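**Q** Sending over a structure as structure tokens; questions will come in a sec.
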Amino acid sequence: MARITLTVDGAQVSDDVEPRMLLVQYLREKLGKTGTVVGCDTSNCGACTVHLDGRSVKSCNVLAVQADGHEVTTIEGLADGDRLHPVQEAFRECHGLQCGFCTPGMIMQAVDLLNDNPSPTEEEVRLGLEGNLCRCTGYHNIVESVLHAAKGGVTA
């Protein structure tokens, strides 16, 4: 077992974990952060995307011990109480989801994208989300959601 201490959604946590435990497993199984979705377990789909020190990472590709001493933000940590993050609100307003399975990862990736490029073109949004897969949509409303959030001056 390895002892880790990290900040998750603004709260410091410490736990003993198996050195091989993935960050996505730690978030879901130990902390109950089930908004972080297990999609493919191979880092192909992006459903498990979270922010590690402000940058998006696929949490099925990061060991929990690698997050020791760092800050993790999950989809649950974006909202401010009952007030949705502007990107979450844009996805709601623009119908940027269908089944919702990919939505947490898409939103987390979109926030990172908009932090780097607050005024992306449609092509830049599509390129910025290319590591996140949606099996329900043609991505049109997802891209529209990100562009809508960008028009509102979204930053994390």
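Following the order of the structure tokens, first chain is A, next is B, and so on, with residues numbered from 1 inside each chain and ligands from 1 in the order they appear.
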Based on the backbone DSSP call, show me all residues of chain A assigned strand (DSSP E or B), as a VMD selection string.
**A** chain A and resid 2 to 8 11 to 17 22 49 to 52 55 to 58 63 71 to 73 80 83
**Q** Next, write the just-selected residues to a file, as a PDB file, in the first residue's frame, keeping N, CA and C atoms as the atom set.
**A**
ATOM      1  N   ALA A   2       0.374   2.290  -0.620  1.00  0.00           N
ATOM      2  CA  ALA A   2       1.073   3.571  -0.660  1.00  0.00           C
ATOM      3  C   ALA A   2       0.151   4.642  -0.095  1.00  0.00           C
ATOM      4  N   ARG A   3       0.683   5.551   0.668  1.00  0.00           N
ATOM      5  CA  ARG A   3      -0.095   6.644   1.245  1.00  0.00           C
ATOM      6  C   ARG A   3      -0.045   7.821   0.282  1.00  0.00           C
ATOM      7  N   ILE A   4      -1.228   8.333  -0.086  1.00  0.00           N
ATOM      8  CA  ILE A   4      -1.295   9.507  -0.956  1.00  0.00           C
ATOM      9  C   ILE A   4      -2.103  10.596  -0.274  1.00  0.00           C
ATOM     10  N   THR A   5      -1.750  11.824  -0.594  1.00  0.00           N
ATOM     11  CA  THR A   5      -2.499  12.993  -0.142  1.00  0.00           C
ATOM     12  C   THR A   5      -2.630  13.907  -1.351  1.00  0.00           C
ATOM     13  N   LEU A   6      -3.854  14.277  -1.650  1.00  0.00           N
ATOM     14  CA  LEU A   6      -4.105  15.156  -2.783  1.00  0.00           C
ATOM     15  C   LEU A   6      -5.326  15.994  -2.497  1.00  0.00           C
ATOM     16  N   THR A   7      -5.549  16.970  -3.325  1.00  0.00           N
ATOM     17  CA  THR A   7      -6.735  17.814  -3.211  1.00  0.00           C
ATOM     18  C   THR A   7      -7.676  17.441  -4.345  1.00  0.00           C
ATOM     19  N   VAL A   8      -8.904  17.085  -3.989  1.00  0.00           N
ATOM     20  CA  VAL A   8      -9.906  16.708  -4.978  1.00  0.00           C
ATOM     21  C   VAL A   8     -11.110  17.636  -4.816  1.00  0.00           C
ATOM     22  N   ALA A  11     -11.023  19.816  -1.704  1.00  0.00           N
ATOM     23  CA  ALA A  11     -10.879  19.204  -0.380  1.00  0.00           C
ATOM     24  C   ALA A  11      -9.653  18.303  -0.349  1.00  0.00           C
ATOM     25  N   GLN A  12      -8.845  18.450   0.684  1.00  0.00           N
ATOM     26  CA  GLN A  12      -7.673  17.584   0.799  1.00  0.00           C
ATOM     27  C   GLN A  12      -8.106  16.212   1.323  1.00  0.00           C
ATOM     28  N   VAL A  13      -7.575  15.160   0.689  1.00  0.00           N
ATOM     29  CA  VAL A  13      -7.867  13.791   1.093  1.00  0.00           C
ATOM     30  C   VAL A  13      -6.555  13.021   1.205  1.00  0.00           C
ATOM     31  N   SER A  14      -6.542  12.059   2.108  1.00  0.00           N
ATOM     32  CA  SER A  14      -5.405  11.154   2.267  1.00  0.00           C
ATOM     33  C   SER A  14      -5.948   9.737   2.359  1.00  0.00           C
ATOM     34  N   ASP A  15      -5.262   8.810   1.706  1.00  0.00           N
ATOM     35  CA  ASP A  15      -5.694   7.422   1.688  1.00  0.00           C
ATOM     36  C   ASP A  15      -4.509   6.513   1.446  1.00  0.00           C
ATOM     37  N   ASP A  16      -4.673   5.271   1.850  1.00  0.00           N
ATOM     38  CA  ASP A  16      -3.754   4.219   1.466  1.00  0.00           C
ATOM     39  C   ASP A  16      -4.331   3.540   0.241  1.00  0.00           C
ATOM     40  N   VAL A  17      -3.531   3.410  -0.808  1.00  0.00           N
ATOM     41  CA  VAL A  17      -4.002   2.807  -2.059  1.00  0.00           C
ATOM     42  C   VAL A  17      -2.985   1.789  -2.557  1.00  0.00           C
ATOM     43  N   LEU A  22      -5.732   2.840 -10.486  1.00  0.00           N
ATOM     44  CA  LEU A  22      -5.869   3.959 -11.412  1.00  0.00           C
ATOM     45  C   LEU A  22      -6.568   5.134 -10.728  1.00  0.00           C
ATOM     46  N   THR A  49     -12.051  11.887 -18.354  1.00  0.00           N
ATOM     47  CA  THR A  49     -11.209  13.082 -18.297  1.00  0.00           C
ATOM     48  C   THR A  49     -11.491  13.907 -17.045  1.00  0.00           C
ATOM     49  N   VAL A  50     -10.428  14.259 -16.355  1.00  0.00           N
ATOM     50  CA  VAL A  50     -10.461  15.148 -15.195  1.00  0.00           C
ATOM     51  C   VAL A  50      -9.334  16.163 -15.383  1.00  0.00           C
ATOM     52  N   HIS A  51      -9.250  17.112 -14.484  1.00  0.00           N
ATOM     53  CA  HIS A  51      -8.131  18.057 -14.512  1.00  0.00           C
ATOM     54  C   HIS A  51      -7.150  17.684 -13.415  1.00  0.00           C
ATOM     55  N   LEU A  52      -5.898  17.605 -13.780  1.00  0.00           N
ATOM     56  CA  LEU A  52      -4.804  17.375 -12.843  1.00  0.00           C
ATOM     57  C   LEU A  52      -3.951  18.630 -12.883  1.00  0.00           C
ATOM     58  N   ARG A  55      -4.932  20.866 -15.845  1.00  0.00           N
ATOM     59  CA  ARG A  55      -4.813  20.364 -17.223  1.00  0.00           C
ATOM     60  C   ARG A  55      -5.608  19.073 -17.353  1.00  0.00           C
ATOM     61  N   SER A  56      -6.266  18.892 -18.492  1.00  0.00           N
ATOM     62  CA  SER A  56      -7.065  17.689 -18.669  1.00  0.00           C
ATOM     63  C   SER A  56      -6.178  16.462 -18.868  1.00  0.00           C
ATOM     64  N   VAL A  57      -6.569  15.382 -18.193  1.00  0.00           N
ATOM     65  CA  VAL A  57      -5.906  14.089 -18.328  1.00  0.00           C
ATOM     66  C   VAL A  57      -6.985  13.013 -18.332  1.00  0.00           C
ATOM     67  N   LYS A  58      -6.669  11.918 -18.973  1.00  0.00           N
ATOM     68  CA  LYS A  58      -7.564  10.767 -18.939  1.00  0.00           C
ATOM     69  C   LYS A  58      -7.200   9.966 -17.697  1.00  0.00           C
ATOM     70  N   LEU A  63      -2.028   6.714 -12.631  1.00  0.00           N
ATOM     71  CA  LEU A  63      -2.124   5.986 -11.370  1.00  0.00           C
ATOM     72  C   LEU A  63      -2.473   6.960 -10.249  1.00  0.00           C
ATOM     73  N   GLU A  71      -3.466  18.515  -7.406  1.00  0.00           N
ATOM     74  CA  GLU A  71      -4.860  18.925  -7.328  1.00  0.00           C
ATOM     75  C   GLU A  71      -5.641  18.307  -8.474  1.00  0.00           C
ATOM     76  N   VAL A  72      -6.757  17.660  -8.141  1.00  0.00           N
ATOM     77  CA  VAL A  72      -7.625  17.036  -9.131  1.00  0.00           C
ATOM     78  C   VAL A  72      -8.983  17.726  -9.081  1.00  0.00           C
ATOM     79  N   THR A  73      -9.498  18.052 -10.249  1.00  0.00           N
ATOM     80  CA  THR A  73     -10.858  18.586 -10.352  1.00  0.00           C
ATOM     81  C   THR A  73     -11.663  17.623 -11.201  1.00  0.00           C
ATOM     82  N   ASP A  80     -20.363  25.617  -8.909  1.00  0.00           N
ATOM     83  CA  ASP A  80     -20.209  26.399  -7.691  1.00  0.00           C
ATOM     84  C   ASP A  80     -21.518  26.272  -6.915  1.00  0.00           C
ATOM     85  N   ARG A  83     -24.870  26.449  -8.801  1.00  0.00           N
ATOM     86  CA  ARG A  83     -24.624  27.209 -10.036  1.00  0.00           C
ATOM     87  C   ARG A  83     -23.657  26.427 -10.930  1.00  0.00           C
TER      88      ARG A  83
END
**Q** Quick one: residues within 10 Å of Glu93 of chain A, only C-alpha atoms counted, chain neighbours fewer than 6 positions away excluded, as JSON, numbers by chain?
**A** {"A": [87, 141, 144, 145, 148, 149]}
**Q** For Glu124 of chain A, find every residue with an atom within 9 Å (counting only C-alpha atoms), except residues of its own chain fewer than 5 positions away, and show them as JSON, numbers by chain.
**A** {"A": [113, 117, 129]}
**Q** Run DSSP on the backbone and grab whatever in chain A lands in alpha helix (DSSP H); send it over as a ChimeraX atom specification.
**A** /A:23-25,86-93,103-116,122-128,140-151
**Q** Ranking A:Lys151, A:Leu97, A:Asp53, A:Ile107 by minimum distance to Asp68 of chain A and counting only C-alpha atoms, which one comes first?
**A** A:Asp53
**Q** For a quick check of understanding, using only C-alpha atoms, which of A:Ala150, A:Asn61, A:Gly96, A:Tyr139 has the smallest distance to Pro118 of chain A?
**A**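 Closest to Pro118 of chain A, using only C-alpha atoms: A:Ala150.
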**Q** Find the spatial neighbours of Gln98 of chain A, counting only C-alpha atoms, within a cut-off of 12 Å - ignore same-chain residues fewer than 6 positions away - and output them as a list of chain:residue names.
**A**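 Answer for this query is A:Phe91, A:Arg92, A:Cys134, A:Arg135, A:Cys136, A:Thr137, A:Gly138, A:Tyr139, A:His140, A:Asn141, A:Ile142.
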